[in-house]
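Text of the file start_36.cif, holding mmCIF, C-alpha atoms:
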```cif
data_coords
loop_
_atom_site.label_atom_id
_atom_site.label_comp_id
_atom_site.auth_asym_id
_atom_site.auth_seq_id
_atom_site.Cartn_x
_atom_site.Cartn_y
_atom_site.Cartn_z
CA MET A 2 -17.31 -3.93 -14.62
CA PRO A 3 -13.65 -4.19 -13.63
CA TYR A 4 -11.15 -2.50 -15.90
CA LEU A 5 -7.53 -1.31 -15.87
CA LYS A 6 -6.77 2.28 -14.99
CA SER A 7 -3.09 2.89 -15.49
CA PHE A 8 0.25 1.17 -15.84
CA PHE A 9 3.70 2.33 -14.69
CA VAL A 10 7.25 1.07 -15.14
CA VAL A 11 9.81 2.48 -12.70
CA ASN A 12 13.55 1.93 -13.03
CA LYS A 13 15.80 0.96 -10.13
CA ALA A 14 16.60 4.58 -9.30
CA GLY A 15 12.94 5.52 -8.94
CA GLY A 16 12.60 7.23 -12.31
CA LEU A 17 9.45 6.74 -14.34
CA ILE A 18 10.37 5.12 -17.64
CA PHE A 19 6.92 4.30 -18.93
CA HIS A 20 3.35 5.24 -18.15
CA ARG A 21 -0.04 4.81 -19.81
CA SER A 22 -3.57 5.57 -18.64
CA PHE A 23 -6.36 3.45 -20.02
CA SER A 24 -9.47 4.78 -18.31
CA SER A 25 -11.54 7.89 -18.85
CA ASP A 26 -10.43 9.36 -15.52
CA PRO A 27 -9.09 12.91 -15.93
CA PRO A 28 -5.32 12.59 -16.50
CA LEU A 29 -2.75 14.20 -14.25
CA ARG A 30 0.11 16.33 -15.51
CA GLN A 31 3.19 14.50 -16.73
CA ASN A 32 5.15 15.93 -13.82
CA ASP A 33 2.68 14.40 -11.35
CA TYR A 34 3.23 10.96 -12.83
CA LEU A 35 6.99 11.33 -12.40
CA HIS A 36 6.36 12.39 -8.84
CA LEU A 37 4.01 9.47 -8.15
CA ALA A 38 6.54 6.99 -9.48
CA SER A 39 9.39 8.24 -7.33
CA THR A 40 7.09 8.47 -4.29
CA PHE A 41 6.12 4.86 -4.77
CA HIS A 42 9.74 3.83 -5.13
CA GLY A 43 10.71 5.58 -1.89
CA MET A 44 7.67 4.19 -0.11
CA GLN A 45 8.64 0.66 -1.05
CA LEU A 46 11.96 1.07 0.74
CA MET A 47 10.19 2.28 3.89
CA VAL A 48 7.59 -0.49 3.68
CA ASN A 49 10.45 -2.96 3.77
CA GLU A 50 12.13 -1.10 6.62
CA VAL A 51 9.10 -1.13 8.97
CA SER A 52 8.40 -4.83 8.41
CA PRO A 53 7.66 -6.63 11.71
CA THR A 54 9.18 -9.89 10.44
CA LYS A 55 12.45 -10.60 8.72
CA GLY A 56 12.10 -11.19 5.02
CA ILE A 57 13.92 -14.14 3.54
CA ASP A 58 15.56 -12.17 0.76
CA GLY A 59 15.03 -8.78 2.32
CA VAL A 60 12.57 -7.44 -0.23
CA GLY A 61 9.24 -6.93 1.49
CA ALA A 62 7.71 -4.38 -0.82
CA ILE A 63 4.01 -3.80 -1.52
CA GLU A 64 2.49 -6.46 -3.75
CA PHE A 65 -1.14 -5.54 -3.48
CA MET A 66 -2.99 -2.54 -2.12
CA GLU A 67 -6.65 -1.74 -1.88
CA THR A 68 -8.40 1.61 -1.51
CA SER A 69 -12.04 2.47 -2.10
CA ASP A 70 -11.29 3.96 -5.55
CA PHE A 71 -8.78 1.53 -6.99
CA VAL A 72 -6.63 -1.52 -6.41
CA LEU A 73 -2.92 -1.62 -7.10
CA ARG A 74 -0.71 -4.58 -7.93
CA SER A 75 3.03 -4.31 -8.13
CA PHE A 76 5.75 -6.60 -9.40
CA TYR A 77 9.50 -6.40 -8.83
CA THR A 78 11.71 -7.94 -11.48
CA ALA A 79 15.01 -9.55 -10.55
CA THR A 80 16.78 -6.50 -11.99
CA LYS A 81 14.87 -4.17 -9.60
CA VAL A 82 12.69 -2.71 -12.31
CA GLN A 83 9.26 -2.20 -10.88
CA PHE A 84 5.96 -2.67 -12.70
CA PHE A 85 2.74 -1.51 -11.18
CA VAL A 86 -0.79 -1.38 -12.44
CA THR A 87 -3.97 0.11 -11.01
CA GLY A 88 -7.44 -1.13 -11.75
CA SER A 89 -11.01 -0.41 -10.69
CA PRO A 90 -11.89 -1.76 -7.20
CA LYS A 91 -13.13 -5.19 -8.28
CA ALA A 92 -10.35 -5.88 -10.79
CA GLU A 93 -8.84 -9.36 -10.52
CA LYS A 94 -5.97 -11.21 -12.16
CA LEU A 95 -3.75 -8.15 -12.13
CA ALA A 96 -0.77 -10.35 -11.28
CA GLU A 97 -1.30 -12.29 -14.52
CA PHE A 98 -1.49 -9.04 -16.42
CA LEU A 99 1.83 -7.88 -14.94
CA LYS A 100 3.48 -11.16 -15.75
CA GLU A 101 2.45 -10.88 -19.38
CA ALA A 102 3.52 -7.25 -19.48
CA HIS A 103 6.91 -8.36 -18.16
CA LEU A 104 7.18 -10.87 -21.00
CA LEU A 105 6.44 -8.11 -23.48
CA TYR A 106 9.07 -5.97 -21.77
CA ALA A 107 11.61 -8.75 -22.16
CA ASP A 108 10.70 -9.27 -25.82
CA TYR A 109 10.32 -5.73 -27.09
CA ILE A 110 12.46 -3.61 -24.80
CA MET A 111 15.27 -5.83 -23.56
CA LYS A 112 15.84 -7.37 -26.98
CA ASN A 113 15.77 -3.98 -28.67
CA PRO A 114 19.40 -3.13 -29.52
CA PHE A 115 18.65 0.61 -29.52
CA TYR A 116 17.25 0.69 -26.02
CA GLU A 117 19.50 2.03 -23.29
CA MET A 118 18.96 0.63 -19.80
CA ASP A 119 16.94 2.76 -17.39
CA MET A 120 15.99 5.28 -20.05
CA PRO A 121 12.37 6.17 -20.89
CA ILE A 122 10.70 3.59 -23.11
CA LYS A 123 9.75 4.80 -26.57
CA CYS A 124 9.03 1.77 -28.69
CA GLU A 125 6.14 1.39 -31.08
CA LEU A 126 5.98 -2.40 -31.03
CA TRP A 127 5.80 -2.50 -27.23
CA ASP A 128 3.03 0.12 -27.33
CA ILE A 129 1.00 -1.91 -29.81
CA HIS A 130 1.36 -5.17 -27.91
CA LEU A 131 0.67 -3.59 -24.55
CA ARG A 132 -2.47 -1.99 -25.93
CA ALA A 133 -3.56 -5.40 -27.23
CA LEU A 134 -2.85 -6.94 -23.83
CA VAL A 135 -4.96 -4.31 -22.08
CA ASP A 136 -7.81 -4.82 -24.53
CA LYS A 137 -7.59 -8.56 -24.01
CA TYR A 138 -7.69 -8.09 -20.24
CA ASN A 139 -10.69 -5.76 -20.36
CA ARG A 140 -12.53 -8.13 -22.73
CA THR A 141 -11.93 -11.38 -20.87
CA ASN A 142 -12.70 -9.96 -17.44
CA ASN A 143 -15.90 -8.25 -18.45
CA THR A 144 -17.82 -11.20 -19.79
CA MET B 6 -1.93 -16.38 10.77
CA THR B 7 -1.23 -13.91 13.47
CA VAL B 8 -1.27 -10.26 14.43
CA HIS B 9 2.09 -8.53 14.80
CA CYS B 10 1.43 -5.13 16.32
CA PHE B 11 -0.81 -2.11 16.62
CA TYR B 12 -0.03 1.61 16.31
CA LEU B 13 -2.14 4.64 17.06
CA PHE B 14 -0.85 7.96 15.73
CA ASN B 15 -2.40 11.36 16.15
CA ARG B 16 -2.40 14.08 13.49
CA ASP B 17 1.00 15.39 14.56
CA GLY B 18 2.66 12.01 14.15
CA VAL B 19 2.94 11.26 17.88
CA CYS B 20 2.57 7.57 18.60
CA LEU B 21 -0.17 7.60 21.26
CA PHE B 22 -0.22 3.88 21.76
CA TYR B 23 1.73 0.84 20.67
CA ALA B 24 1.14 -2.83 21.41
CA GLU B 25 2.79 -5.93 20.01
CA TRP B 26 1.89 -9.60 20.03
CA ASN B 27 4.07 -11.70 17.77
CA ARG B 28 6.83 -9.57 16.44
CA SER B 29 9.98 -11.39 15.41
CA ARG B 30 11.98 -8.36 14.29
CA LYS B 31 12.54 -6.18 17.32
CA VAL B 32 12.65 -2.41 17.14
CA LYS B 33 15.98 -0.93 18.17
CA ASN B 34 15.13 2.74 18.40
CA PHE B 35 11.42 3.18 18.95
CA ASP B 36 11.28 6.95 18.33
CA GLU B 37 13.07 6.64 15.02
CA HIS B 38 10.88 3.71 14.08
CA CYS B 39 7.70 5.69 14.77
CA LYS B 40 8.94 8.60 12.68
CA LEU B 41 9.65 6.26 9.79
CA MET B 42 6.29 4.55 10.15
CA PHE B 43 4.37 7.80 10.30
CA GLY B 44 6.28 9.22 7.34
CA MET B 45 5.48 6.14 5.35
CA LEU B 46 1.77 6.32 6.21
CA PHE B 47 1.67 9.99 5.32
CA GLU B 48 3.24 9.31 1.92
CA LEU B 49 0.98 6.32 1.40
CA LYS B 50 -2.16 8.36 1.89
CA ASN B 51 -0.89 11.17 -0.33
CA PHE B 52 -0.03 8.66 -3.01
CA CYS B 53 -3.46 7.03 -2.92
CA THR B 54 -5.26 10.37 -2.93
CA LYS B 55 -3.24 11.60 -5.88
CA LEU B 56 -3.84 8.46 -7.88
CA SER B 57 -7.57 8.58 -7.28
CA PRO B 58 -9.75 10.41 -9.82
CA LYS B 59 -11.81 12.08 -7.10
CA ASP B 60 -10.83 15.25 -5.29
CA ALA B 61 -11.60 13.87 -1.85
CA ALA B 62 -9.01 12.07 0.26
CA ASN B 63 -8.74 8.39 -0.60
CA PRO B 64 -6.97 6.58 2.23
CA PRO B 65 -5.76 3.02 1.61
CA LYS B 66 -7.64 0.14 3.26
CA TYR B 67 -4.73 -2.23 3.44
CA TYR B 68 -1.61 -3.32 1.61
CA MET B 69 0.12 -6.66 1.45
CA THR B 70 3.77 -7.55 1.07
CA PRO B 71 5.05 -11.14 0.92
CA TYR B 72 5.78 -10.98 4.68
CA TYR B 73 3.13 -8.86 6.30
CA ALA B 74 -0.04 -6.87 5.71
CA LEU B 75 -0.77 -3.39 7.01
CA HIS B 76 -4.35 -2.33 7.71
CA TYR B 77 -5.06 1.35 7.75
CA PHE B 78 -7.91 3.36 9.17
CA ASP B 79 -7.96 7.10 9.73
CA THR B 80 -10.49 9.51 11.17
CA PRO B 81 -11.32 13.08 10.08
CA THR B 82 -9.49 14.30 13.19
CA GLY B 83 -6.27 12.80 11.86
CA LEU B 84 -6.01 9.74 14.10
CA ARG B 85 -4.44 6.78 12.34
CA PHE B 86 -5.17 3.24 13.50
CA ILE B 87 -2.68 0.73 12.13
CA LEU B 88 -2.68 -3.02 12.54
CA LEU B 89 0.06 -5.26 11.16
CA THR B 90 -0.84 -8.88 10.47
CA THR B 91 0.50 -11.73 8.40
CA PRO B 92 -0.59 -11.54 4.74
CA ASP B 93 -2.93 -14.54 5.05
CA PHE B 94 -5.59 -12.72 7.09
CA GLY B 95 -8.13 -14.19 4.71
CA ASN B 96 -11.73 -13.17 5.20
CA SER B 97 -11.47 -11.58 8.61
CA ASP B 98 -12.75 -8.04 8.24
CA VAL B 99 -9.87 -6.18 9.84
CA ALA B 100 -11.12 -2.81 8.57
CA ARG B 101 -14.29 -3.23 10.61
CA VAL B 102 -12.30 -4.19 13.68
CA LEU B 103 -10.21 -1.04 13.36
CA ARG B 104 -13.38 1.04 13.18
CA ARG B 105 -14.60 -0.76 16.27
CA LEU B 106 -11.35 0.00 18.07
CA TYR B 107 -12.01 3.65 17.36
CA GLY B 108 -15.76 3.70 18.06
CA GLU B 109 -15.88 1.43 21.07
CA VAL B 110 -12.44 1.29 22.61
CA TYR B 111 -10.78 4.62 21.90
CA LEU B 112 -13.89 6.75 22.41
CA ASP B 113 -14.97 4.95 25.58
CA TYR B 114 -11.65 4.56 27.32
CA VAL B 115 -9.65 7.55 26.11
CA VAL B 116 -11.94 10.35 24.99
CA LYS B 117 -14.35 9.86 27.88
CA ASN B 118 -11.50 9.66 30.38
CA PRO B 119 -11.40 13.05 32.15
CA LEU B 120 -7.78 12.55 33.20
CA TYR B 121 -6.53 12.07 29.67
CA GLU B 122 -4.71 15.01 28.14
CA PRO B 123 -5.19 15.19 24.36
CA GLY B 124 -1.96 14.55 22.49
CA SER B 125 -0.25 12.67 25.32
CA GLN B 126 0.53 8.98 25.32
CA ILE B 127 -2.24 6.66 26.40
CA THR B 128 -1.32 4.91 29.64
CA SER B 129 -4.79 3.72 30.64
CA LYS B 130 -4.72 0.03 31.66
CA ALA B 131 -8.41 -0.37 30.84
CA PHE B 132 -7.74 0.78 27.29
CA SER B 133 -4.88 -1.61 26.67
CA LYS B 134 -6.80 -4.50 28.21
CA LYS B 135 -9.86 -3.88 26.08
CA LEU B 136 -7.74 -3.43 22.95
CA ASP B 137 -5.89 -6.65 23.66
CA ALA B 138 -9.21 -8.49 24.03
CA VAL B 139 -10.58 -7.15 20.74
CA VAL B 140 -7.41 -8.05 18.82
CA ARG B 141 -7.21 -11.52 20.35
CA ASN B 142 -10.79 -12.08 19.25
CA LEU B 143 -9.89 -11.59 15.60
CA PRO B 144 -10.33 -14.78 13.59
CA CYS B 145 -6.88 -14.24 12.10
CA PHE B 146 -5.10 -13.96 15.46
#
```
With the file now loaded, output its structure as structure tokens.
Amino acid sequence: MPYLKSFFVVNKAGGLIFHRSFSSDPPLRQNDYLHLASTFHGMQLMVNEVSPTKGIDGVGAIEFMETSDFVLRSFYTATKVQFFVTGSPKAEKLAEFLKEAHLLYADYIMKNPFYEMDMPIKCELWDIHLRALVDKYNRTNNT
Amino acid sequence: MTVHCFYLFNRDGVCLFYAEWNRSRKVKNFDEHCKLMFGMLFELKNFCTKLSPKDAANPPKYYMTPYYALHYFDTPTGLRFILLTTPDFGNSDVARVLRRLYGEVYLDYVVKNPLYEPGSQITSKAFSKKLDAVVRNLPCF
């Protein structure tokens, strides 16, 4: 049964501003998540640099990656904030999930007057809605 | 649908072999380019292993960007076989082809070649010819 494993939001400087794990996999330390996020950010720049063809707008970052233990889908917003989600190997429709998560981000983070750009996200409403979105994803893709 | 290029790195990051077919963005400084590529692959594998719940290494199979796809295969001896294609490679099983390149082409034409010095660049014509044939046979070429 496909399910979501974890979800990351990385700001334009490569700092982790939000992370949640949804699976029963043993969690890493918080420091490791920060490290993973900045590694991914740096890797994206190199991925673009080694491209064998010229990109139209110059952003040729990883959109989808597959390994034997998980799949990863990533999404760049126009403001260079990066969303990425990992799921179990057969997980599908991750792009749709990211798109909806981006909508939630726009609604609950960007419209929140107390949120400062590029700072870690601590917002209860966003947490609740994201949790609901994950549950919806796991439900609809398991039947 | 096409194949851009092929890299073979050893465990020390030396590019043993490079071939290109349809590459529109030329490489200016090849040594620098190889260093960047190897560094990226190294990070990529570390990243995937770290993110995986298992303790064992978890190398990526491939990744896709809007402009190209990179297929990755590594061996326990640290060889890395890399093939860059367009993202619409569809159903062609590139991972299997990379394994074949290792099992049939690399082993037969490099390892069994008594004149080959481990760690040096592969100059064998037979190897490059065979590799070229295998890649051109790919359905996504």
Would you tabulate, counting only C-alpha atoms, all residues of chain A that have an atom at most 6 Å from an atom of chain B, showing the closest pair of atoms and their distance in Å to one decimal, sorted by chain then ascending number, as JSON lines?
```
{"residue": "A:Asp26", "atom": "CA", "partner": "B:Pro58", "partner_atom": "CA", "distance": 5.8}
{"residue": "A:Pro53", "atom": "CA", "partner": "B:Arg30", "partner_atom": "CA", "distance": 5.3}
{"residue": "A:Thr54", "atom": "CA", "partner": "B:Arg30", "partner_atom": "CA", "distance": 5.0}
{"residue": "A:Gly61", "atom": "CA", "partner": "B:Thr70", "partner_atom": "CA", "distance": 5.5}
{"residue": "A:Ala62", "atom": "CA", "partner": "B:Thr70", "partner_atom": "CA", "distance": 5.4}
{"residue": "A:Ile63", "atom": "CA", "partner": "B:Thr70", "partner_atom": "CA", "distance": 4.6}
{"residue": "A:Glu64", "atom": "CA", "partner": "B:Thr70", "partner_atom": "CA", "distance": 5.1}
{"residue": "A:Phe65", "atom": "CA", "partner": "B:Met69", "partner_atom": "CA", "distance": 5.2}
{"residue": "A:Met66", "atom": "CA", "partner": "B:Tyr68", "partner_atom": "CA", "distance": 4.1}
{"residue": "A:Glu67", "atom": "CA", "partner": "B:Lys66", "partner_atom": "CA", "distance": 5.6}
{"residue": "A:Thr68", "atom": "CA", "partner": "B:Pro65", "partner_atom": "CA", "distance": 4.3}
```
- Task: Please provide as number ranges by chain all residues within 9 Å of Val82 in chain A, with the sequence filter that same-chain residues fewer than 2 positions apart are discarded (counting all atoms listed in the file).
- Result: A: 10-15, 76-80, 84, 119
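Applied to the file shown here, the PyMOL selection byres ((chain A and resi 19) around 9) selects Phe8, Phe9, Val10, Val11, Leu17, Ile18, His20, Arg21, Pro121, Ile122 and Lys123 of chain A.
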Residue members of the PyMOL selection byres ((chain B and resi 108-114) around 9) in the file shown, as an mmCIF file with C-alpha atoms, keeping the file's coordinate frame:
```
data_model
loop_
_atom_site.group_PDB
_atom_site.id
_atom_site.type_symbol
_atom_site.label_atom_id
_atom_site.label_comp_id
_atom_site.auth_asym_id
_atom_site.auth_seq_id
_atom_site.Cartn_x
_atom_site.Cartn_y
_atom_site.Cartn_z
ATOM 1 C CA LEU B 103 -10.210 -1.040 13.360
ATOM 2 C CA ARG B 104 -13.380 1.040 13.180
ATOM 3 C CA ARG B 105 -14.600 -0.760 16.270
ATOM 4 C CA LEU B 106 -11.350 0.000 18.070
ATOM 5 C CA TYR B 107 -12.010 3.650 17.360
ATOM 6 C CA VAL B 115 -9.650 7.550 26.110
ATOM 7 C CA VAL B 116 -11.940 10.350 24.990
ATOM 8 C CA LYS B 117 -14.350 9.860 27.880
ATOM 9 C CA ASN B 118 -11.500 9.660 30.380
ATOM 10 C CA SER B 129 -4.790 3.720 30.640
ATOM 11 C CA ALA B 131 -8.410 -0.370 30.840
ATOM 12 C CA PHE B 132 -7.740 0.780 27.290
ATOM 13 C CA LYS B 135 -9.860 -3.880 26.080
ATOM 14 C CA LEU B 136 -7.740 -3.430 22.950
ATOM 15 C CA VAL B 139 -10.580 -7.150 20.740
#
```
- Query: Using only C-alpha atoms, which of A:Met118, A:Lys137, A:Leu35, A:Asn142 sits nearest Lys81 in chain A?
  - Reply: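 Answer, going by the shortest atom-to-atom distance: A:Met118.
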Let me have the centre and edge lengths in Å, one decimal, of the box along x, y and z around every listed atom of range 31-44 of chain B with 5 Å of margin on each side, as lines of an AutoDock Vina configuration file.
```
center_x = 10.2
center_y = 1.5
center_z = 13.1
size_x = 21.6
size_y = 25.4
size_z = 21.6
```
- Message: When you count all atoms listed in the file, which of these residues is closest to Ser89 in chain A: A:Val51, A:Ser75, A:Asp70, A:Leu104?
- Response: A:Asp70
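Summary of the local environment: counting all atoms listed in the file, residues at most 7 Å from Tyr23 in chain B, other than itself and those fewer than 6 positions away along its chain, are Phe11, Tyr12 and Leu13 of chain B.
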- Query: In Å to one decimal, how far is CA of Glu101 in chain A from CA of Asn113 in chain A?
  - Reply: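 These atoms are spaced 17.6 Å apart.
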- Item | Point (1.0, -6.1, -18.9), cut-off 12 Å, counting all atoms listed in the file, residues as a ChimeraX atom specification | /A:5,7-10,19-21,74-76,84-87,94-107,127-139
- So how many Å separate CA of Val140 in chain B and CA of Ala24 in chain B, to one decimal?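 Here the two named atoms are 10.3 Å from each other.
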- Task: Name all residues at most 6 Å from Arg85 in chain B (count only C-alpha atoms; drop same-chain ones fewer than 6 positions away) and give them as an MDAnalysis selection string.
- Result: chainID B and resid 13:14 78:79
